[in-house]
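The file upload.cif contains mmCIF, C-alpha atoms and all ligand atoms:
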```cif
data_model
#
loop_
_atom_site.label_atom_id
_atom_site.label_comp_id
_atom_site.auth_asym_id
_atom_site.auth_seq_id
_atom_site.Cartn_x
_atom_site.Cartn_y
_atom_site.Cartn_z
CA MET W 1 121.57 19.21 57.78
CA ARG W 2 119.78 15.85 58.04
CA LYS W 3 121.97 12.79 58.20
CA THR W 4 121.05 10.34 55.44
CA THR W 5 123.98 7.92 55.40
CA VAL W 6 122.08 4.88 56.65
CA SER W 7 118.98 5.51 54.51
CA ASP W 8 121.20 6.03 51.46
CA ALA W 9 123.03 2.74 52.10
CA LEU W 10 119.77 0.84 52.68
CA PHE W 11 118.30 2.27 49.48
CA GLU W 12 121.37 1.12 47.57
CA ARG W 13 120.84 -2.43 48.82
CA ALA W 14 117.06 -2.22 48.36
CA GLN W 15 117.45 -1.32 44.69
CA ASN W 16 119.20 -4.64 44.20
CA LEU W 17 116.24 -6.43 45.70
CA PHE W 18 113.09 -4.53 44.83
CA PRO W 19 112.02 -2.71 41.64
CA GLY W 20 112.75 0.95 42.29
CA GLY W 21 114.06 -0.09 45.70
CA VAL W 22 110.56 -0.22 47.16
CA ASN W 23 107.62 -2.52 47.77
CA SER W 24 105.03 0.00 46.62
CA PRO W 25 105.83 2.61 43.95
CA VAL W 26 104.55 5.64 45.87
CA ARG W 27 107.33 5.15 48.44
CA ALA W 28 110.13 5.76 45.94
CA PHE W 29 110.11 9.60 46.09
CA LYS W 30 109.85 9.63 42.26
CA ALA W 31 107.66 12.73 42.30
CA VAL W 32 109.84 14.68 44.70
CA GLY W 33 113.31 13.33 43.95
CA GLY W 34 115.99 12.33 46.41
CA THR W 35 116.49 9.16 48.38
CA PRO W 36 113.52 7.70 50.24
CA VAL W 37 113.74 7.86 54.00
CA PHE W 38 113.94 4.43 55.66
CA LEU W 39 111.84 4.56 58.80
CA ALA W 40 112.92 2.67 61.91
CA ARG W 41 110.15 3.36 64.41
CA GLY W 42 107.05 5.37 65.17
CA GLN W 43 105.46 6.54 68.39
CA GLY W 44 102.39 8.75 68.59
CA ALA W 45 102.68 11.57 66.03
CA ARG W 46 106.38 11.00 65.41
CA VAL W 47 108.56 8.71 63.31
CA TRP W 48 112.32 8.17 63.43
CA ASP W 49 114.42 7.19 60.44
CA ALA W 50 117.33 4.79 60.28
CA ASP W 51 119.76 7.72 60.69
CA GLY W 52 118.05 8.83 63.89
CA ASN W 53 116.29 11.89 62.40
CA SER W 54 112.83 12.42 63.80
CA TYR W 55 109.79 13.79 61.98
CA LEU W 56 106.25 14.77 62.82
CA ASP W 57 104.32 12.34 60.66
CA PHE W 58 101.53 13.74 58.47
CA LEU W 59 101.43 10.72 56.17
CA GLY W 60 100.14 8.24 58.76
CA SER W 61 101.06 5.22 56.64
CA TRP W 62 98.89 6.70 53.84
CA GLY W 63 95.82 6.89 56.07
CA PRO W 64 95.41 3.96 58.48
CA LEU W 65 97.05 5.50 61.55
CA ILE W 66 94.22 7.69 62.81
CA LEU W 67 95.39 7.05 66.39
CA GLY W 68 99.05 7.67 65.55
CA HIS W 69 101.87 5.14 65.79
CA ALA W 70 101.97 2.29 68.30
CA ASP W 71 98.82 3.30 70.14
CA PRO W 72 99.04 1.37 73.46
CA ASP W 73 95.54 -0.15 73.14
CA VAL W 74 96.18 -1.30 69.58
CA VAL W 75 99.56 -2.76 70.52
CA ALA W 76 98.04 -4.56 73.53
CA ALA W 77 95.23 -5.99 71.38
CA ILE W 78 97.69 -7.27 68.79
CA GLU W 79 100.02 -8.72 71.45
CA SER W 80 97.34 -10.56 73.37
CA THR W 81 95.78 -11.89 70.17
CA ALA W 82 99.14 -13.05 68.79
CA ARG W 83 99.76 -15.09 71.94
CA ARG W 84 96.65 -17.12 71.11
CA GLY W 85 97.58 -17.76 67.47
CA THR W 86 98.11 -15.56 64.43
CA SER W 87 96.03 -17.37 61.81
CA PHE W 88 93.60 -20.26 61.73
CA GLY W 89 92.04 -20.30 58.27
CA ALA W 90 88.81 -20.76 60.20
CA SER W 91 86.19 -18.42 61.63
CA THR W 92 86.77 -16.55 64.92
CA ASP W 93 84.59 -14.53 67.27
CA ARG W 94 86.57 -11.37 66.42
CA GLU W 95 85.30 -11.42 62.83
CA VAL W 96 81.77 -11.25 64.16
CA LEU W 97 82.64 -8.47 66.61
CA LEU W 98 84.38 -6.32 64.00
CA GLY W 99 81.67 -7.00 61.40
CA GLU W 100 78.99 -5.89 63.85
CA ALA W 101 80.95 -2.76 64.76
CA ILE W 102 81.34 -1.84 61.08
CA ARG W 103 77.65 -2.41 60.34
CA ALA W 104 76.63 -0.31 63.33
CA ALA W 105 78.77 2.54 61.98
CA MET W 106 77.75 2.06 58.33
CA PRO W 107 74.27 0.54 58.15
CA SER W 108 74.46 0.28 54.35
CA MET W 109 76.92 -2.59 54.90
CA GLU W 110 74.22 -5.07 55.84
CA ARG W 111 76.57 -7.95 55.14
CA MET W 112 80.22 -7.92 54.28
CA ARG W 113 83.35 -9.92 53.65
CA PHE W 114 86.82 -9.39 55.07
CA VAL W 115 89.76 -9.48 52.68
CA SER W 116 93.40 -8.49 53.08
CA SER W 117 93.69 -5.18 51.19
CA GLY W 118 91.76 -2.35 49.63
CA THR W 119 92.67 -3.72 46.20
CA GLU W 120 90.97 -7.01 47.00
CA ALA W 121 87.92 -5.18 48.33
CA THR W 122 87.36 -3.07 45.21
CA MET W 123 88.20 -5.90 42.81
CA SER W 124 85.72 -8.17 44.57
CA ALA W 125 82.99 -5.54 44.89
CA LEU W 126 83.19 -4.94 41.15
CA ARG W 127 82.94 -8.67 40.47
CA VAL W 128 79.88 -8.87 42.72
CA ALA W 129 78.27 -5.93 40.92
CA ARG W 130 78.84 -7.63 37.59
CA GLY W 131 77.51 -10.93 38.87
CA TYR W 132 74.43 -9.31 40.38
CA THR W 133 73.51 -7.14 37.40
CA GLY W 134 74.68 -9.45 34.63
CA ARG W 135 76.42 -6.47 33.00
CA HIS W 136 80.15 -6.12 32.43
CA ARG W 137 80.87 -2.43 31.86
CA PHE W 138 81.34 0.00 34.72
CA ILE W 139 82.01 3.70 35.21
CA LYS W 140 84.98 4.99 37.14
CA ILE W 141 86.23 8.49 37.75
CA ASP W 142 89.21 9.98 35.93
CA GLY W 143 92.03 10.04 38.52
CA GLY W 144 90.13 7.75 40.89
CA TYR W 145 92.33 5.06 42.37
CA HIS W 146 90.88 1.80 43.57
CA GLY W 147 93.95 -0.36 43.98
CA HIS W 148 95.68 -2.28 41.24
CA ALA W 149 93.18 -4.76 39.77
CA ASP W 150 93.49 -4.66 35.97
CA ALA W 151 90.19 -3.04 35.02
CA LEU W 152 90.59 -0.39 37.70
CA LEU W 153 94.01 0.81 36.57
CA VAL W 154 92.54 2.83 33.70
CA SER W 155 93.09 6.60 34.15
CA ALA W 156 94.02 5.93 37.75
CA GLY W 157 95.37 8.34 40.35
CA SER W 158 97.87 7.72 43.14
CA GLY W 159 101.15 6.17 41.93
CA LEU W 160 100.07 6.00 38.28
CA ALA W 161 99.33 9.71 38.28
CA THR W 162 102.52 10.47 40.16
CA LEU W 163 104.59 8.50 37.68
CA GLY W 164 102.65 10.06 34.78
CA LEU W 165 101.41 6.70 33.49
CA PRO W 166 98.07 7.08 31.64
CA ALA W 167 97.79 3.31 31.35
CA CYS W 168 99.39 0.28 32.92
CA ALA W 169 101.46 -2.12 30.82
CA GLY W 170 100.25 -5.69 31.18
CA VAL W 171 96.59 -4.71 31.36
CA THR W 172 94.98 -6.23 28.29
CA GLU W 173 92.72 -4.26 25.97
CA GLY W 174 90.00 -6.68 26.96
CA ALA W 175 90.39 -5.95 30.66
CA ALA W 176 90.34 -2.20 30.05
CA ALA W 177 87.54 -2.21 27.46
CA ASP W 178 84.79 -2.41 30.06
CA THR W 179 86.04 0.62 32.00
CA ILE W 180 84.29 3.87 31.14
CA VAL W 181 86.01 6.92 32.54
CA VAL W 182 84.29 10.22 33.35
CA PRO W 183 85.59 13.34 35.12
CA PHE W 184 84.79 13.90 38.80
CA ASN W 185 82.12 16.45 39.72
CA ASP W 186 80.60 16.25 36.22
CA GLU W 187 77.05 14.90 36.17
CA THR W 188 76.62 15.59 32.46
CA ALA W 189 79.56 13.39 31.50
CA MET W 190 78.24 10.60 33.71
CA ARG W 191 74.76 10.84 32.24
CA THR W 192 76.23 10.70 28.73
CA ALA W 193 78.12 7.53 29.69
CA PHE W 194 74.96 5.99 31.14
CA ASP W 195 73.07 6.85 27.95
CA ALA W 196 75.76 5.24 25.80
CA TYR W 197 76.38 2.02 27.73
CA GLN W 198 74.65 -0.49 29.98
CA VAL W 199 76.74 -0.42 33.11
CA ALA W 200 76.92 -2.70 36.11
CA ALA W 201 78.14 -0.06 38.52
CA VAL W 202 79.70 3.27 39.23
CA ILE W 203 82.76 2.93 41.44
CA ILE W 204 83.80 6.18 43.03
CA GLU W 205 85.77 7.56 45.96
CA PRO W 206 83.09 9.87 47.40
CA ILE W 207 85.93 12.14 48.48
CA PRO W 208 88.72 11.44 45.99
CA ALA W 209 92.05 11.32 47.81
CA ASN W 210 94.33 9.79 45.20
CA MET W 211 94.48 12.82 42.87
CA GLY W 212 95.09 14.94 45.90
CA LEU W 213 92.08 15.48 48.12
CA ILE W 214 89.05 16.89 46.27
CA ALA W 215 85.62 17.38 47.83
CA PRO W 216 82.50 16.63 45.80
CA LYS W 217 80.56 19.72 44.78
CA PRO W 218 77.21 20.11 46.58
CA GLY W 219 74.63 17.63 45.30
CA TYR W 220 77.04 15.70 43.08
CA LEU W 221 77.00 12.41 45.00
CA LYS W 222 73.21 12.55 45.33
CA SER W 223 72.86 12.96 41.61
CA VAL W 224 75.25 10.03 41.01
CA ARG W 225 72.99 7.96 43.30
CA GLN W 226 69.92 9.04 41.33
CA MET W 227 71.55 8.14 38.01
CA CYS W 228 72.50 4.70 39.33
CA ASP W 229 68.89 4.14 40.36
CA ALA W 230 67.51 5.42 37.07
CA TYR W 231 69.84 3.25 34.99
CA ARG W 232 69.64 0.25 37.38
CA ALA W 233 73.35 0.23 38.11
CA LEU W 234 74.94 -0.31 41.49
CA LEU W 235 76.73 2.48 43.33
CA ILE W 236 80.03 1.36 44.85
CA PHE W 237 81.66 3.75 47.29
CA ASP W 238 85.38 3.21 47.67
CA GLU W 239 85.79 4.44 51.24
CA VAL W 240 89.20 2.89 51.75
CA ILE W 241 90.49 6.34 52.69
CA SER W 242 87.34 8.21 53.75
CA GLY W 243 85.90 5.32 55.79
CA PHE W 244 86.28 6.06 59.53
CA ARG W 245 88.43 9.07 58.51
CA VAL W 246 85.84 11.78 57.83
CA GLY W 247 83.46 10.47 60.48
CA ARG W 248 82.42 7.16 61.98
CA GLY W 249 79.86 6.70 59.23
CA GLY W 250 82.32 7.63 56.48
CA ALA W 251 81.55 9.90 53.53
CA GLN W 252 78.20 8.15 53.04
CA ALA W 253 76.99 9.53 56.37
CA LEU W 254 78.64 12.91 55.81
CA PHE W 255 76.84 13.43 52.49
CA GLY W 256 73.71 11.39 53.24
CA VAL W 257 74.12 9.07 50.26
CA ARG W 258 73.62 5.33 50.69
CA PRO W 259 75.73 3.22 48.33
CA ASP W 260 74.81 -0.33 47.34
CA LEU W 261 78.32 -1.58 48.08
CA THR W 262 81.13 -0.08 50.14
CA CYS W 263 84.84 -0.88 50.17
CA LEU W 264 86.94 -0.24 53.24
CA GLY W 265 90.59 -0.63 54.19
CA LYS W 266 93.30 1.34 55.99
CA ILE W 267 91.78 2.59 59.31
CA VAL W 268 89.46 -0.39 59.67
CA GLY W 269 92.53 -2.65 59.91
CA GLY W 270 94.24 -0.56 62.57
CA GLY W 271 97.53 -0.53 60.64
CA LEU W 272 97.42 -4.21 59.72
CA PRO W 273 96.50 -5.58 56.28
CA LEU W 274 92.71 -5.59 56.02
CA GLY W 275 90.09 -4.73 53.44
CA VAL W 276 86.31 -5.11 53.58
CA PHE W 277 83.57 -5.03 51.01
CA GLY W 278 79.90 -5.18 51.82
CA GLY W 279 76.49 -3.78 51.18
CA GLN W 280 72.87 -4.75 50.64
CA SER W 281 72.22 -8.23 51.95
CA VAL W 282 70.59 -9.38 48.72
CA ILE W 283 73.60 -8.25 46.69
CA MET W 284 76.06 -9.90 49.07
CA SER W 285 74.09 -13.15 48.59
CA GLU W 286 75.89 -13.34 45.25
CA VAL W 287 79.14 -14.12 47.07
CA ALA W 288 80.30 -17.73 47.40
CA PRO W 289 79.42 -20.00 49.10
CA GLU W 290 75.92 -18.46 49.12
CA GLY W 291 76.09 -17.41 45.49
CA PRO W 292 78.08 -17.90 42.30
CA VAL W 293 80.61 -15.02 42.63
CA TYR W 294 83.79 -16.62 43.91
CA GLN W 295 86.06 -14.81 46.32
CA ALA W 296 88.41 -16.27 48.93
CA GLY W 297 91.60 -15.76 50.97
CA THR W 298 93.76 -17.77 53.38
CA LEU W 299 94.37 -14.76 55.62
CA SER W 300 90.91 -13.17 55.23
CA GLY W 301 89.57 -12.13 58.62
CA ASN W 302 93.04 -12.50 60.10
CA PRO W 303 92.83 -12.41 63.92
CA LEU W 304 95.54 -9.79 64.34
CA ALA W 305 93.89 -7.42 61.86
CA MET W 306 90.50 -8.01 63.51
CA ALA W 307 91.95 -7.21 66.94
CA ALA W 308 93.73 -4.08 65.71
CA GLY W 309 90.64 -2.87 63.85
CA LEU W 310 88.40 -3.39 66.87
CA ALA W 311 90.85 -1.56 69.15
CA VAL W 312 90.88 1.44 66.78
CA LEU W 313 87.13 1.54 66.19
CA ARG W 314 86.49 1.49 69.96
CA LYS W 315 88.30 4.81 70.26
CA LEU W 316 86.62 6.58 67.34
CA ASP W 317 83.65 8.24 68.99
CA GLN W 318 82.08 11.61 68.20
CA SER W 319 84.55 13.48 70.39
CA ALA W 320 87.45 11.91 68.47
CA TYR W 321 86.11 13.33 65.20
CA GLU W 322 85.46 16.73 66.78
CA ARG W 323 89.06 16.75 67.99
CA LEU W 324 90.38 15.75 64.54
CA ASP W 325 88.30 18.44 62.88
CA ALA W 326 89.54 21.08 65.35
CA LEU W 327 93.14 20.12 64.59
CA GLY W 328 92.32 20.21 60.88
CA ARG W 329 90.81 23.69 61.18
CA ARG W 330 93.90 24.88 63.04
CA LEU W 331 96.16 23.53 60.31
CA GLU W 332 94.01 25.03 57.56
CA ALA W 333 93.90 28.46 59.18
CA GLY W 334 97.66 28.43 59.77
CA ILE W 335 98.48 27.39 56.22
CA LYS W 336 96.12 29.97 54.73
CA ASP W 337 97.83 32.67 56.81
CA ALA W 338 101.23 31.39 55.71
CA LEU W 339 100.15 31.47 52.05
CA ALA W 340 98.85 35.01 52.42
CA ALA W 341 102.02 36.14 54.19
CA THR W 342 104.35 34.59 51.63
CA GLY W 343 102.25 35.32 48.55
CA VAL W 344 102.53 31.74 47.28
CA ALA W 345 99.64 30.69 45.05
CA ALA W 346 98.30 27.44 46.47
CA GLN W 347 95.03 25.83 47.49
CA LEU W 348 94.65 23.98 50.75
CA HIS W 349 91.95 21.32 50.47
CA ARG W 350 90.76 19.77 53.71
CA VAL W 351 87.99 17.46 54.82
CA GLY W 352 88.26 16.85 58.56
CA SER W 353 91.73 15.49 59.22
CA ALA W 354 92.68 14.83 55.58
CA PHE W 355 94.30 17.49 53.43
CA THR W 356 96.25 18.33 50.27
CA LEU W 357 98.17 21.46 49.35
CA PHE W 358 97.91 22.09 45.60
CA PHE W 359 100.41 24.59 44.23
CA CYS W 360 98.24 26.47 41.74
CA ALA W 361 96.16 29.62 41.50
CA GLU W 362 93.06 28.02 39.97
CA SER W 363 90.61 25.94 41.95
CA VAL W 364 90.98 22.18 41.75
CA THR W 365 87.78 20.25 41.11
CA ASP W 366 88.85 17.19 39.14
CA PHE W 367 91.85 15.23 37.86
CA ALA W 368 92.54 17.60 34.96
CA SER W 369 92.82 20.63 37.24
CA ALA W 370 94.75 18.63 39.87
CA LYS W 371 97.33 17.68 37.25
CA ARG W 372 97.83 21.34 36.33
CA ALA W 373 99.12 22.10 39.85
CA ASP W 374 102.88 22.65 40.03
CA THR W 375 104.49 19.36 41.02
CA GLY W 376 108.01 20.85 40.90
CA ARG W 377 107.03 23.38 43.52
CA TYR W 378 105.47 20.66 45.66
CA ALA W 379 108.72 18.69 45.44
CA ARG W 380 110.69 21.66 46.74
CA PHE W 381 108.14 22.24 49.49
CA PHE W 382 108.28 18.56 50.46
CA HIS W 383 112.06 18.61 50.91
CA GLU W 384 112.03 21.92 52.77
CA MET W 385 109.47 20.39 55.14
CA LEU W 386 111.42 17.15 55.49
CA ASP W 387 114.52 19.14 56.43
CA ARG W 388 112.40 20.88 59.07
CA GLY W 389 111.24 17.58 60.55
CA ILE W 390 107.83 17.28 58.87
CA TYR W 391 106.99 14.09 56.96
CA LEU W 392 104.43 14.62 54.17
CA PRO W 393 103.13 12.48 51.29
CA PRO W 394 105.98 12.31 48.76
CA ALA W 395 103.63 13.41 45.95
CA GLN W 396 101.20 16.28 45.49
CA LEU W 397 98.45 14.02 44.11
CA GLU W 398 97.97 12.28 47.46
CA ALA W 399 96.50 13.22 50.84
CA GLY W 400 98.12 14.03 54.17
CA PHE W 401 96.55 13.03 57.45
CA ILE W 402 96.30 14.34 61.01
CA SER W 403 95.96 11.77 63.79
CA LEU W 404 94.59 11.83 67.30
CA ALA W 405 98.19 11.63 68.52
CA HIS W 406 98.89 15.09 67.10
CA GLN W 407 98.67 17.93 69.58
CA GLU W 408 98.10 21.63 68.96
CA ASP W 409 101.89 22.17 69.26
CA ASP W 410 102.46 19.68 66.45
CA ILE W 411 100.04 21.54 64.18
CA ASP W 412 101.74 24.82 65.08
CA ALA W 413 105.11 23.25 64.27
CA PHE W 414 103.71 22.16 60.90
CA VAL W 415 102.46 25.69 60.21
CA ALA W 416 105.73 27.32 61.30
CA ALA W 417 107.73 24.95 59.10
CA SER W 418 105.35 25.62 56.20
CA ARG W 419 105.76 29.36 56.57
CA GLU W 420 109.55 29.02 56.29
CA ALA W 421 109.33 26.45 53.51
CA LEU W 422 106.89 28.56 51.48
CA ALA W 423 109.08 31.63 51.89
CA THR W 424 112.11 29.63 50.73
CA ILE W 425 110.49 28.19 47.62
CA HIS W 426 108.77 31.42 46.61
N1 LIG M 501 96.63 3.90 48.27
C1 LIG M 501 97.59 4.72 48.92
C2 LIG M 501 97.26 6.16 48.75
N2 LIG M 501 97.32 6.61 47.44
C3 LIG M 501 98.96 4.47 48.55
C4 LIG M 501 99.47 3.23 49.12
C5 LIG M 501 100.38 2.58 48.16
O1 LIG M 501 100.08 2.56 46.96
O2 LIG M 501 101.41 2.12 48.64
#
```

Write the structure described by the file as structure tokens, please.
Amino acid sequence: MRKTTVSDALFERAQNLFPGGVNSPVRAFKAVGGTPVFLARGQGARVWDADGNSYLDFLGSWGPLILGHADPDVVAAIESTARRGTSFGASTDREVLLGEAIRAAMPSMERMRFVSSGTEATMSALRVARGYTGRHRFIKIDGGYHGHADALLVSAGSGLATLGLPACAGVTEGAAADTIVVPFNDETAMRTAFDAYQVAAVIIEPIPANMGLIAPKPGYLKSVRQMCDAYRALLIFDEVISGFRVGRGGAQALFGVRPDLTCLGKIVGGGLPLGVFGGQSVIMSEVAPEGPVYQAGTLSGNPLAMAAGLAVLRKLDQSAYERLDALGRRLEAGIKDALAATGVAAQLHRVGSAFTLFFCAESVTDFASAKRADTGRYARFFHEMLDRGIYLPPAQLEAGFISLAHQEDDIDAFVAASREALATIH
């Protein structure tokens, strides 16, 4: 039996301080029940909680930790940078170095701006698209999550989906009125929206990972690109999760689709707060001080985040992605065997080192089908796995992640725990 005394006591105190006891809703275990685990430290593929229990971590801080916890090169980069100053509010050489590394990996990002979170990146990219096109409406995907800017919280995935909130209180009708929502993987619905409205942009996670992980059907992203061109709207790829996760060039390289603007976060900041938006040079000319679209931040381009991001990107070569994919294939094969052996109806979705297990018999292609998967069963699976030392996303409509710190043994441990957990919940 796991000890939870210290986590329980901390949660008690945290509830007095923070709404729901947390500083981001998805951490509150609302979808799975029980008391959230308070983590004390992480090393490689493992985390330890405040009670001393240890877990193999397949959450990876919701995506950033592609090298695992406390990678020595990342820690060294942060330490040596911190000794020279943590923030200047002025330009540094590391911004140039990281910017060049990002552009080399994703040539569509001809010019970019560093911000402090994925939310800032998507909010700003949308503002730029509106400024550039002179249009105010935009299309987003049902269940797509692009952070918590007002207009983007309409029909959003991640925590809103987990909490079952179709809309967010405090978002005015005016802010939501410009958001046109269409289902993922549905070209007809998008074309209908384009026919009905003049839109500035389509903002889309090319591989949605906030309604669980769902791959685009063949040709879908290309046809979205074509529609954007035909209707003179910008295509914004939210690659906060897929960027540097599914390959060095992100989903845009994987599917051969060049967006006009890209938003990054998570991995690119090496576990520190960082977001990036960028794209065609002429579009980025809209951004102040070159153009009239204002955007700013005291900690933008923060030296510690630049150093951490550079240290991570240096290690993400082709062999790193081959290794991640091999680990992903091992996990997928093991889980599929476990499902067959236990007779549990579930779908394992995987792209490289990102995955979701949907508890349902039908295939999941969009938000509507994702929401039909059995969340109660996922909750039981989650706790059975936690008790077996495996830390997963505390909600089915999210993605799990494998890191380069995971070894074959860790994947086998995940599979063995899954087999027992599936048999128990069946
Ligand atoms: N955007 C993350 C994945 N859904 C969750 C992070 C958070 O909301 O705390």

Go through W:Pro36, W:Gly20, W:Pro64, W:Gly99 and flag the residue nearest W:His383, using all atoms listed in the file for the distances.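 Checking each candidate against W:His383, we get W:Pro36 as the closest.
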
Build an axis-aligned box that encloses every atom of ligand LIG 501 (chain M) listed in the file, pad it by 8 Å on each side, and report its centre and edge lengths in Å to one decimal, as JSON.
```
{"center_x": 99.0, "center_y": 4.4, "center_z": 48.0, "size_x": 20.8, "size_y": 20.5, "size_z": 18.2}
```

Go through W:Gly291, W:Gly21, W:Gly174, W:Gly63 one by one, measure the shortest atom-to-atom distance of each to ligand LIG 501 (chain M) using only C-alpha atoms and all ligand atoms, and give the residue with the smallest value. W:Gly63

For chain W against ligand LIG 501 (chain M), with a cut-off of 6 Å and counting all atoms listed in the file, what is the closest atom pair and its distance in Å to one decimal for every residue that makes the cut, ordered by chain and number, as CSV?
```
residue,atom,partner,partner_atom,distance
W:Ser24,CA,M:LIG501,O2,4.7
W:Val26,CA,M:LIG501,O2,5.5
W:Trp62,CA,M:LIG501,C2,5.4
W:Ser158,CA,M:LIG501,N2,4.5
W:Asn210,CA,M:LIG501,N2,4.9
W:Glu398,CA,M:LIG501,N2,5.7
```

Tell me which of W:Arg27, W:Arg135, W:His148, W:Arg2 sits closest to W:Arg232, counting all atoms listed in the file. W:Arg135
